[in-house]
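K.L.:
Have a peek at upload_21.pdb (PDB, C-alpha atoms (C1' of nucleotides)).
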ATOM      1  CA  MET D  64      64.103 135.714 164.611
ATOM      2  CA  ALA D  65      66.607 133.146 165.694
ATOM      3  CA  HIS D  66      66.253 129.592 164.677
ATOM      4  CA  GLY D  67      64.743 126.988 166.794
ATOM      5  CA  VAL D  68      63.843 128.374 170.144
ATOM      6  CA  SER D  69      61.196 125.872 170.867
ATOM      7  CA  ARG D  70      60.044 127.722 173.932
ATOM      8  CA  VAL D  71      58.543 130.406 171.834
ATOM      9  CA  LYS D  72      54.836 130.185 171.442
ATOM     10  CA  LYS D  73      55.119 129.918 167.760
ATOM     11  CA  SER D  74      52.030 131.306 166.282
ATOM     12  CA  VAL D  75      49.471 128.639 165.968
ATOM     13  CA  LYS D  76      47.105 129.210 163.198
ATOM     14  CA  LEU D  77      44.163 126.974 162.871
ATOM     15  CA  SER D  78      41.315 126.820 160.485
ATOM     16  CA  ASP D  79      37.817 127.202 161.799
ATOM     17  CA  GLN D  80      37.255 123.503 161.845
ATOM     18  CA  GLN D  81      40.506 122.823 163.532
ATOM     19  CA  PHE D  82      39.783 125.355 166.169
ATOM     20  CA  GLN D  83      36.416 123.873 166.839
ATOM     21  CA  VAL D  84      37.990 120.523 167.312
ATOM     22  CA  VAL D  85      40.485 121.955 169.727
ATOM     23  CA  GLN D  86      37.723 123.680 171.582
ATOM     24  CA  ALA D  87      35.641 120.573 171.806
ATOM     25  CA  LEU D  88      38.642 118.695 172.994
ATOM     26  CA  ASN D  89      39.311 121.196 175.690
ATOM     27  CA  LYS D  90      35.736 121.108 176.714
ATOM     28  CA  LEU D  91      35.800 117.370 176.936
ATOM     29  CA  GLY D  92      39.217 117.401 178.447
ATOM     30  CA  GLY D  93      40.704 114.603 176.467
ATOM     31  CA  ALA D  94      38.653 112.543 174.120
ATOM     32  CA  SER D  95      38.620 110.140 171.265
ATOM     33  CA  ALA D  96      37.752 111.048 167.725
ATOM     34  CA  ARG D  97      34.322 109.655 168.152
ATOM     35  CA  GLU D  98      33.604 111.658 171.239
ATOM     36  CA  VAL D  99      34.749 114.822 169.586
ATOM     37  CA  GLN D 100      32.653 113.976 166.609
ATOM     38  CA  GLN D 101      29.655 113.583 168.815
ATOM     39  CA  GLU D 102      30.409 116.815 170.536
ATOM     40  CA  LEU D 103      30.550 118.466 167.153
ATOM     41  CA  ASN D 104      27.792 116.493 165.559
ATOM     42  CA  HIS D 105      26.101 119.703 164.502
ATOM     43  CA  LEU D 106      28.819 120.012 161.920
ATOM     44  CA  GLY D 107      27.695 116.817 160.336
ATOM     45  CA  LEU D 108      31.141 115.424 159.796
ATOM     46  CA  ALA D 109      32.050 111.790 159.655
ATOM     47  CA  HIS D 110      33.952 110.607 162.643
ATOM     48  CA  THR D 111      36.744 109.567 160.370
ATOM     49  CA  THR D 112      36.982 113.144 159.283
ATOM     50  CA  ILE D 113      37.401 114.265 162.823
ATOM     51  CA  GLY D 114      39.958 111.561 163.263
ATOM     52  CA  THR D 115      41.906 112.848 160.318
ATOM     53  CA  VAL D 116      41.742 116.385 161.541
ATOM     54  CA  MET D 117      42.948 115.369 164.942
ATOM     55  CA  SER D 118      45.806 113.301 163.729
ATOM     56  CA  ARG D 119      46.929 116.153 161.557
ATOM     57  CA  LEU D 120      46.674 118.450 164.497
ATOM     58  CA  GLU D 121      48.794 116.069 166.435
ATOM     59  CA  LYS D 122      51.369 116.068 163.701
ATOM     60  CA  LYS D 123      51.427 119.817 164.019
ATOM     61  CA  GLY D 124      52.026 119.557 167.699
ATOM     62  CA  VAL D 125      48.758 121.050 168.773
ATOM     63  CA  LEU D 126      47.449 117.829 170.197
ATOM     64  CA  SER D 127      49.005 114.884 171.835
ATOM     65  CA  SER D 128      47.487 111.520 172.300
ATOM     66  CA  LYS D 129      47.872 108.248 173.957
ATOM     67  CA  VAL D 130      46.264 104.954 173.342
ATOM     68  CA  GLN D 131      43.890 103.850 175.998
ATOM     69  CA  GLY D 132      42.293 100.535 175.501
ATOM     70  CA  ARG D 133      41.320 100.511 171.886
ATOM     71  CA  GLU D 134      40.836 104.222 171.758
ATOM     72  CA  ARG D 135      43.283 106.943 171.132
ATOM     73  CA  ILE D 136      42.666 109.737 173.497
ATOM     74  CA  TYR D 137      43.675 113.136 172.290
ATOM     75  CA  ARG D 138      44.467 116.036 174.433
ATOM     76  CA  CYS D 139      45.341 119.571 173.602
ATOM     77  CA  THR D 140      48.947 120.471 174.298
ATOM     78  CA  VAL D 141      48.571 124.103 173.552
ATOM     79  CA  ASP D 142      46.628 126.431 175.698
ATOM     80  CA  GLU D 143      43.427 127.409 173.995
ATOM     81  CA  GLY D 144      43.984 130.924 175.159
ATOM     82  CA  ALA D 145      47.348 130.977 173.512
ATOM     83  CA  ILE D 146      45.833 129.816 170.281
ATOM     84  CA  ARG D 147      43.161 132.415 170.506
ATOM     85  CA  GLN D 148      45.726 135.027 171.208
ATOM     86  CA  SER D 149      47.895 134.060 168.349
ATOM     87  CA  MET D 150      44.970 133.988 165.985
ATOM     88  CA  VAL D 151      43.640 137.294 167.137
ATOM     89  CA  ASN D 152      47.079 138.797 166.809
ATOM     90  CA  SER D 153      47.515 137.449 163.383
ATOM     91  CA  MET D 154      44.186 138.873 162.392
ATOM     92  CA  ILE D 155      45.052 142.211 163.885
ATOM     93  CA  SER D 156      48.292 142.298 162.081
ATOM     94  CA  THR D 157      46.692 141.419 158.809
ATOM     95  CA  LEU D 158      43.622 143.545 158.989
ATOM     96  CA  PHE D 159      44.698 146.376 161.195
ATOM     97  CA  LYS D 160      48.384 146.602 160.569
ATOM     98  CA  GLY D 161      49.063 145.292 164.001
ATOM     99  CA  ASP D 162      47.207 148.018 165.748
ATOM    100  CA  SER D 163      44.860 146.436 168.199
ATOM    101  CA  LYS D 164      43.385 149.780 169.081
ATOM    102  CA  ALA D 165      42.256 149.979 165.545
ATOM    103  CA  LEU D 166      40.375 146.754 166.010
ATOM    104  CA  MET D 167      38.754 148.149 169.087
ATOM    105  CA  ALA D 168      37.849 151.305 167.344
ATOM    106  CA  TYR D 169      36.559 149.249 164.522
ATOM    107  CA  LEU D 170      34.361 147.169 166.752
ATOM    108  CA  VAL D 171      33.059 150.278 168.336
ATOM    109  CA  SER D 172      32.442 151.960 165.049
ATOM    110  CA  GLU D 173      30.593 148.937 163.853
ATOM    111  CA  GLY D 174      28.114 149.899 166.480
ATOM    112  CA  GLU D 175      28.434 146.729 168.378
ATOM    113  CA  PHE D 176      28.825 148.479 171.665
ATOM    114  CA  ASP D 177      27.178 151.008 173.740
ATOM    115  CA  ILE D 178      28.501 153.091 176.499
ATOM    116  CA  ASP D 179      27.422 150.834 179.267
ATOM    117  CA  GLU D 180      29.334 148.048 177.790
ATOM    118  CA  LEU D 181      32.377 150.171 177.523
ATOM    119  CA  ASP D 182      32.010 151.069 181.124
ATOM    120  CA  GLU D 183      31.981 147.455 181.974
ATOM    121  CA  LEU D 184      35.125 147.043 180.039
ATOM    122  CA  LYS D 185      36.578 149.942 181.836
ATOM    123  CA  LYS D 186      35.929 148.214 185.080
ATOM    124  CA  LEU D 187      37.567 145.203 183.654
ATOM    125  CA  VAL D 188      40.631 147.210 182.917
ATOM    126  CA  GLN D 189      40.682 148.699 186.321
ATOM    127  CA  HIS D 190      40.449 145.408 188.034
ATOM    128  CA  GLY D 191      42.599 143.583 185.636
ATOM    129  CA  GLU D 192      45.481 145.964 185.867
ATOM    130  CA  ASP D 193      47.336 144.027 188.471
ATOM    131  CA  ASN D 194      46.051 140.773 187.290
ATOM    132  CA  ASP D 195      48.568 139.018 185.143
TER     133      ASP D 195
ATOM    134  CA  MET P 420      15.140 143.039 150.316
ATOM    135  CA  ALA P 421      14.314 141.597 146.944
ATOM    136  CA  HIS P 422      16.623 139.296 145.210
ATOM    137  CA  GLY P 423      17.672 141.343 142.284
ATOM    138  CA  VAL P 424      20.530 142.905 144.004
ATOM    139  CA  SER P 425      23.159 140.181 144.108
ATOM    140  CA  ARG P 426      25.165 142.904 145.719
ATOM    141  CA  VAL P 427      24.918 140.847 148.830
ATOM    142  CA  LYS P 428      28.115 140.896 150.758
ATOM    143  CA  LYS P 429      28.739 137.239 150.766
ATOM    144  CA  SER P 430      31.406 136.599 153.278
ATOM    145  CA  VAL P 431      34.733 137.127 151.713
ATOM    146  CA  LYS P 432      37.514 135.298 153.338
ATOM    147  CA  LEU P 433      41.001 136.044 152.256
ATOM    148  CA  SER P 434      44.348 134.784 153.313
ATOM    149  CA  ASP P 435      46.856 137.229 154.691
ATOM    150  CA  GLN P 436      48.619 137.531 151.400
ATOM    151  CA  GLN P 437      45.439 137.992 149.522
ATOM    152  CA  PHE P 438      44.320 140.680 151.843
ATOM    153  CA  GLN P 439      47.567 142.504 151.492
ATOM    154  CA  VAL P 440      47.193 142.451 147.777
ATOM    155  CA  VAL P 441      43.697 143.819 148.040
ATOM    156  CA  GLN P 442      44.913 146.481 150.363
ATOM    157  CA  ALA P 443      47.741 147.487 148.124
ATOM    158  CA  LEU P 444      45.370 147.572 145.246
ATOM    159  CA  ASN P 445      43.013 149.818 147.090
ATOM    160  CA  LYS P 446      45.839 152.045 148.071
ATOM    161  CA  LEU P 447      47.005 152.292 144.512
ATOM    162  CA  GLY P 448      43.498 152.530 143.259
ATOM    163  CA  GLY P 449      43.806 150.188 140.345
ATOM    164  CA  ALA P 450      47.114 148.736 139.351
ATOM    165  CA  SER P 451      48.923 146.075 137.418
ATOM    166  CA  ALA P 452      50.555 143.059 138.937
ATOM    167  CA  ARG P 453      53.903 144.695 138.682
ATOM    168  CA  GLU P 454      52.804 147.786 140.485
ATOM    169  CA  VAL P 455      51.269 145.803 143.260
ATOM    170  CA  GLN P 456      54.391 143.757 143.475
ATOM    171  CA  GLN P 457      56.425 146.909 143.846
ATOM    172  CA  GLU P 458      54.061 148.194 146.456
ATOM    173  CA  LEU P 459      54.491 144.941 148.307
ATOM    174  CA  ASN P 460      58.139 144.475 147.542
ATOM    175  CA  HIS P 461      58.841 144.015 151.215
ATOM    176  CA  LEU P 462      57.221 140.642 150.892
ATOM    177  CA  GLY P 463      59.853 139.602 148.440
ATOM    178  CA  LEU P 464      57.492 137.907 146.065
ATOM    179  CA  ALA P 465      58.016 137.484 142.380
ATOM    180  CA  HIS P 466      55.755 139.647 140.297
ATOM    181  CA  THR P 467      54.436 136.547 138.670
ATOM    182  CA  THR P 468      53.356 135.406 142.054
ATOM    183  CA  ILE P 469      51.417 138.558 142.589
ATOM    184  CA  GLY P 470      49.954 138.094 139.159
ATOM    185  CA  THR P 471      48.795 134.642 140.038
ATOM    186  CA  VAL P 472      47.294 135.794 143.273
ATOM    187  CA  MET P 473      45.448 138.577 141.558
ATOM    188  CA  SER P 474      44.072 136.472 138.798
ATOM    189  CA  ARG P 475      42.811 134.006 141.338
ATOM    190  CA  LEU P 476      41.263 136.799 143.266
ATOM    191  CA  GLU P 477      39.580 137.919 140.117
ATOM    192  CA  LYS P 478      38.248 134.448 139.560
ATOM    193  CA  LYS P 479      36.774 134.659 143.022
ATOM    194  CA  GLY P 480      35.119 137.916 142.178
ATOM    195  CA  VAL P 481      37.096 140.038 144.545
ATOM    196  CA  LEU P 482      38.886 141.866 141.813
ATOM    197  CA  SER P 483      37.999 142.924 138.363
ATOM    198  CA  SER P 484      40.347 143.927 135.654
ATOM    199  CA  LYS P 485      40.595 145.406 132.262
ATOM    200  CA  VAL P 486      43.374 145.425 129.791
ATOM    201  CA  GLN P 487      44.931 148.755 129.253
ATOM    202  CA  GLY P 488      47.651 148.863 126.712
ATOM    203  CA  ARG P 489      49.724 145.856 127.456
ATOM    204  CA  GLU P 490      48.904 145.868 131.090
ATOM    205  CA  ARG P 491      46.016 144.381 132.913
ATOM    206  CA  ILE P 492      44.784 146.787 135.469
ATOM    207  CA  TYR P 493      43.130 145.240 138.443
ATOM    208  CA  ARG P 494      40.713 146.928 140.674
ATOM    209  CA  CYS P 495      39.007 145.787 143.795
ATOM    210  CA  THR P 496      35.297 145.164 143.383
ATOM    211  CA  VAL P 497      34.631 144.556 147.007
ATOM    212  CA  ASP P 498      34.820 147.203 149.602
ATOM    213  CA  GLU P 499      37.842 146.694 151.754
ATOM    214  CA  GLY P 500      35.771 147.551 154.759
ATOM    215  CA  ALA P 501      33.337 144.842 153.872
ATOM    216  CA  ILE P 502      36.129 142.361 153.633
ATOM    217  CA  ARG P 503      37.514 143.454 156.917
ATOM    218  CA  GLN P 504      34.121 143.173 158.449
ATOM    219  CA  SER P 505      33.495 139.762 157.118
ATOM    220  CA  MET P 506      36.860 138.547 158.254
ATOM    221  CA  VAL P 507      36.522 140.022 161.680
ATOM    222  CA  ASN P 508      33.097 138.512 161.996
ATOM    223  CA  SER P 509      34.303 135.163 160.936
ATOM    224  CA  MET P 510      37.074 135.356 163.462
ATOM    225  CA  ILE P 511      34.685 136.390 166.166
ATOM    226  CA  SER P 512      32.399 133.586 165.344
ATOM    227  CA  THR P 513      35.178 131.057 165.382
ATOM    228  CA  LEU P 514      37.082 132.241 168.377
ATOM    229  CA  PHE P 515      34.439 133.886 170.462
ATOM    230  CA  LYS P 516      31.326 132.050 169.523
ATOM    231  CA  GLY P 517      30.061 135.075 167.721
ATOM    232  CA  ASP P 518      30.189 137.300 170.714
ATOM    233  CA  SER P 519      32.023 140.433 169.769
ATOM    234  CA  LYS P 520      31.900 141.688 173.297
ATOM    235  CA  ALA P 521      33.962 138.727 174.224
ATOM    236  CA  LEU P 522      36.571 139.862 171.777
ATOM    237  CA  MET P 523      36.515 143.284 173.320
ATOM    238  CA  ALA P 524      36.827 141.864 176.742
ATOM    239  CA  TYR P 525      39.579 139.704 175.507
ATOM    240  CA  LEU P 526      41.501 142.591 174.074
ATOM    241  CA  VAL P 527      41.086 144.435 177.283
ATOM    242  CA  SER P 528      42.109 141.503 179.371
ATOM    243  CA  GLU P 529      45.156 141.049 177.252
ATOM    244  CA  GLY P 530      46.187 144.326 178.719
ATOM    245  CA  GLU P 531      46.349 146.072 175.427
ATOM    246  CA  PHE P 532      44.385 149.011 176.666
ATOM    247  CA  ASP P 533      44.392 151.428 179.432
ATOM    248  CA  ILE P 534      41.641 153.541 180.770
ATOM    249  CA  ASP P 535      42.462 156.579 178.743
ATOM    250  CA  GLU P 536      42.143 154.610 175.624
ATOM    251  CA  LEU P 537      38.833 153.274 176.690
ATOM    252  CA  ASP P 538      37.717 156.773 177.347
ATOM    253  CA  GLU P 539      38.653 157.679 173.859
ATOM    254  CA  LEU P 540      36.619 154.799 172.629
ATOM    255  CA  LYS P 541      33.799 155.925 174.740
ATOM    256  CA  LYS P 542      33.900 159.255 173.053
ATOM    257  CA  LEU P 543      33.942 157.461 169.796
ATOM    258  CA  VAL P 544      30.799 155.664 170.740
ATOM    259  CA  GLN P 545      29.153 158.804 171.867
ATOM    260  CA  HIS P 546      29.887 160.628 168.703
ATOM    261  CA  GLY P 547      29.452 157.744 166.448
ATOM    262  CA  GLU P 548      26.055 156.878 167.695
ATOM    263  CA  ASP P 549      24.207 158.739 165.026
ATOM    264  CA  ASN P 550      26.932 158.401 162.540
ATOM    265  CA  ASP P 551      26.202 155.747 160.029
TER     266      ASP P 551
ATOM    267  C1'  DT E 934      60.818 146.352 110.790
ATOM    268  C1'  DA E 935      63.618 143.686 113.752
ATOM    269  C1'  DG E 936      65.174 143.469 118.378
ATOM    270  C1'  DT E 937      64.569 144.338 123.108
ATOM    271  C1'  DA E 938      61.999 145.012 127.039
ATOM    272  C1'  DT E 939      58.064 144.207 129.628
ATOM    273  C1'  DG E 940      53.937 142.382 130.990
ATOM    274  C1'  DT E 941      50.594 138.710 131.281
ATOM    275  C1'  DA E 942      48.768 133.817 130.818
ATOM    276  C1'  DC E 943      49.512 129.353 131.549
ATOM    277  C1'  DT E 944      51.515 125.620 133.815
ATOM    278  C1'  DA E 945      53.496 123.454 137.656
ATOM    279  C1'  DC E 946      54.146 121.725 142.035
ATOM    280  C1'  DA E 947      54.219 121.219 146.956
ATOM    281  C1'  DA E 948      51.724 121.872 151.227
ATOM    282  C1'  DC E 949      47.552 122.176 153.552
ATOM    283  C1'  DT E 950      42.656 121.480 154.181
ATOM    284  C1'  DG E 951      38.105 119.309 153.940
ATOM    285  C1'  DT E 952      36.174 115.233 153.589
ATOM    286  C1'  DA E 953      35.481 110.438 153.938
ATOM    287  C1'  DG E 954      36.019 105.349 152.650
ATOM    288  C1'  DT E 955      38.252 101.064 153.613
ATOM    289  C1'  DA E 956      40.904  97.885 155.861
ATOM    290  C1'  DG E 957      42.790  96.180 159.735
ATOM    291  C1'  DA E 958      43.191  95.809 164.833
ATOM    292  C1'  DT E 959      41.075  95.048 169.035
ATOM    293  C1'  DG E 960      37.827  94.262 172.494
ATOM    294  C1'  DG E 961      33.336  92.326 174.013
ATOM    295  C1'  DC E 962      29.750  88.900 173.976
ATOM    296  C1'  DC E 963      27.580  84.291 173.507
TER     297       DC E 963
ATOM    298  C1'  DG U 591      36.726  80.340 170.138
ATOM    299  C1'  DG U 592      34.265  82.816 166.797
ATOM    300  C1'  DC U 593      31.578  86.668 165.416
ATOM    301  C1'  DC U 594      30.256  91.303 165.801
ATOM    302  C1'  DA U 595      30.964  95.963 167.005
ATOM    303  C1'  DT U 596      34.018  99.668 167.215
ATOM    304  C1'  DC U 597      37.847 102.368 166.703
ATOM    305  C1'  DT U 598      41.904 103.952 164.435
ATOM    306  C1'  DA U 599      45.297 104.191 160.610
ATOM    307  C1'  DC U 600      45.962 104.680 156.102
ATOM    308  C1'  DT U 601      44.746 106.158 151.670
ATOM    309  C1'  DA U 602      42.481 109.084 148.551
ATOM    310  C1'  DC U 603      41.003 112.930 146.183
ATOM    311  C1'  DA U 604      39.576 117.561 145.154
ATOM    312  C1'  DG U 605      40.141 122.370 146.152
ATOM    313  C1'  DT U 606      43.011 126.282 147.820
ATOM    314  C1'  DT U 607      47.186 128.640 148.594
ATOM    315  C1'  DG U 608      52.012 129.945 148.097
ATOM    316  C1'  DT U 609      55.243 130.324 144.921
ATOM    317  C1'  DA U 610      57.375 130.952 140.583
ATOM    318  C1'  DG U 611      59.141 129.610 135.798
ATOM    319  C1'  DT U 612      58.329 129.734 130.922
ATOM    320  C1'  DA U 613      56.334 130.966 126.921
ATOM    321  C1'  DC U 614      53.923 134.096 124.397
ATOM    322  C1'  DA U 615      52.065 138.724 123.201
ATOM    323  C1'  DT U 616      52.785 143.372 122.754
ATOM    324  C1'  DA U 617      54.821 147.827 122.803
ATOM    325  C1'  DC U 618      58.659 150.758 122.134
ATOM    326  C1'  DT U 619      63.024 152.014 119.876
ATOM    327  C1'  DA U 620      66.582 152.504 116.670
TER     328       DA U 620
END
Can the structure in the file be given as structure tokens, please?

P.N.:
Amino acid sequence: MAHGVSRVKKSVKLSDQQFQVVQALNKLGGASAREVQQELNHLGLAHTTIGTVMSRLEKKGVLSSKVQGRERIYRCTVDEGAIRQSMVNSMISTLFKGDSKALMAYLVSEGEFDIDELDELKKLVQHGEDND
Amino acid sequence: MAHGVSRVKKSVKLSDQQFQVVQALNKLGGASAREVQQELNHLGLAHTTIGTVMSRLEKKGVLSSKVQGRERIYRCTVDEGAIRQSMVNSMISTLFKGDSKALMAYLVSEGEFDIDELDELKKLVQHGEDND
DNA sequence: TAGTATGTACTACAACTGTAGTAGATGGCC
DNA sequence: GGCCATCTACTACAGTTGTAGTACATACTA
């Protein structure tokens, strides 16, 4: 593609950890490293670790921050949905040659779904059709 | 299940590149670095690069190899489906808190599917129900 | 058998990630 | 004002990945 269209949602690819941090951040709606660490305390990471992760994420442009008092408050600059989308797409392209139907079929064939659930989805489609 | 089996699908997580190599390998059904490189020539990687990737993959237990003449023929020891599964699951757990229905719903909401397609899936479910 | 071609093994190196310690800055309390 | 708590920034280090060059082994060919 061309070079440097910064408007393009360039595909954001985050590691599991990174994504969790982003998620926590979104949940908290702006938070310091410590707060995120507390939110994610089940991961058992040092708060400095979270701090590192966040500052790296900021360097990547996924987060922004501003100092507030003695804290640095981070905030996610990229829509979590967009990240999800880009990660799902990347996965689809890697694992299913870009064919999202294949993923669907795969999920179905994995037996994760029954007909009722599909019907629900169907409703979703019906109602979502003009919803964009 | 007893513990003698060690066949346990421990979650295999591969990078995009790695997965492509595995895929190519499966397609070729056992191949040397050079052959894989040719198969993946669209990636524009040096054959030595592919070699490196494959030997690392072997170290990880994903591939096995034997020398045959002057070539080392690699072969995938892990079912590609299993890899796919484990990667999809990992993605689901990261992005959708382990809820595969959420992924489904997500795919649907992304507007990737229309009703006909869902109907096809429905058929798939119906017929796949006792198919395992 | 000597030379050429070909294929791998080893080495290298940069970037990224996971993880965390330490030092320094800053704010609060007595 | 000084001390303590707290928070970040910086540094560090190991492991993984992406990438490939170089050297060495081996096979084929004339």

K.L.:
Report the distance between atom CA of Leu91 of chain D and atom C1' of DG954 of chain E in Å, rounded to one decimal place.

P.N.:
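Atom-to-atom, atom CA of Leu91 of chain D and atom C1' of DG954 of chain E are spaced 27.1 Å apart.
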
K.L.:
Measuring atom to atom with all atoms listed in the file, identify which of P:Ser474, P:Thr467, P:Gln439, P:Ser484 is nearest to chain D.

P.N.:
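When distances to chain D are compared using all atoms listed in the file, the smallest one comes from P:Gln439.
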
K.L.:
Could the residues of chain D within 7 Å of chain P, counting only C-alpha atoms, be given as a PDB file with C-alpha atoms, in the coordinates of the input, please?

P.N.:
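Output below, filename result_31.pdb:
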ATOM      1  CA  ASP D  79      37.817 127.202 161.799  1.00  0.00           C
ATOM      2  CA  ARG D 147      43.161 132.415 170.506  1.00  0.00           C
ATOM      3  CA  THR D 157      46.692 141.419 158.809  1.00  0.00           C
ATOM      4  CA  LEU D 158      43.622 143.545 158.989  1.00  0.00           C
ATOM      5  CA  MET D 167      38.754 148.149 169.087  1.00  0.00           C
ATOM      6  CA  ALA D 168      37.849 151.305 167.344  1.00  0.00           C
ATOM      7  CA  VAL D 171      33.059 150.278 168.336  1.00  0.00           C
ATOM      8  CA  SER D 172      32.442 151.960 165.049  1.00  0.00           C
ATOM      9  CA  ASP D 177      27.178 151.008 173.740  1.00  0.00           C
ATOM     10  CA  ILE D 178      28.501 153.091 176.499  1.00  0.00           C
ATOM     11  CA  LEU D 181      32.377 150.171 177.523  1.00  0.00           C
ATOM     12  CA  LEU D 184      35.125 147.043 180.039  1.00  0.00           C
ATOM     13  CA  LYS D 185      36.578 149.942 181.836  1.00  0.00           C
ATOM     14  CA  VAL D 188      40.631 147.210 182.917  1.00  0.00           C
ATOM     15  CA  GLY D 191      42.599 143.583 185.636  1.00  0.00           C
TER      16      GLY D 191
END

K.L.:
Evaluating the PyMOL selection byres ((chain U) within 12 of (chain D)) on the displayed file yields which residues, as a PDB file with C-alpha atoms (C1' of nucleotides), in the coordinates of the input?

P.N.:
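Everything below was put into result-v4.pdb:
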ATOM      1  C1'  DT U 596      34.018  99.668 167.215  1.00  0.00           C
ATOM      2  C1'  DC U 597      37.847 102.368 166.703  1.00  0.00           C
ATOM      3  C1'  DT U 598      41.904 103.952 164.435  1.00  0.00           C
ATOM      4  C1'  DA U 599      45.297 104.191 160.610  1.00  0.00           C
ATOM      5  C1'  DC U 600      45.962 104.680 156.102  1.00  0.00           C
ATOM      6  C1'  DT U 601      44.746 106.158 151.670  1.00  0.00           C
TER       7       DT U 601
END

K.L.:
I'd like the neighbourhood of DA604 of chain U as number ranges by chain, where a residue qualifies if any of its atoms comes within 12 Å (using only C-alpha atoms (C1' of nucleotides)), though same-chain residues fewer than 5 positions away should be ignored.

P.N.:
E: 950-952

K.L.:
Measure the distance from atom CA of Asp498 of chain P to atom CA of Gln456 of chain P in Å and round it to one decimal.

P.N.:
20.8 Å

K.L.:
List every residue of chain E that has an atom at most 8 Å from any atom of chain D, and for each one report the closest atom pair and its distance in Å to one decimal, counting only C-alpha atoms (C1' of nucleotides), with rows sorted by chain and then by increasing residue number, as CSV.

P.N.:
residue,atom,partner,partner_atom,distance
E:DT952,C1',D:Thr112,CA,6.1
E:DA953,C1',D:Thr112,CA,6.2
E:DT959,C1',D:Arg133,CA,6.2
E:DG960,C1',D:Arg133,CA,7.2

K.L.:
Could you check how far atom CA of Leu459 of chain P sits from atom CA of Gly480 of chain P, in Å to one decimal?

P.N.:
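A separation of 21.5 Å between them.
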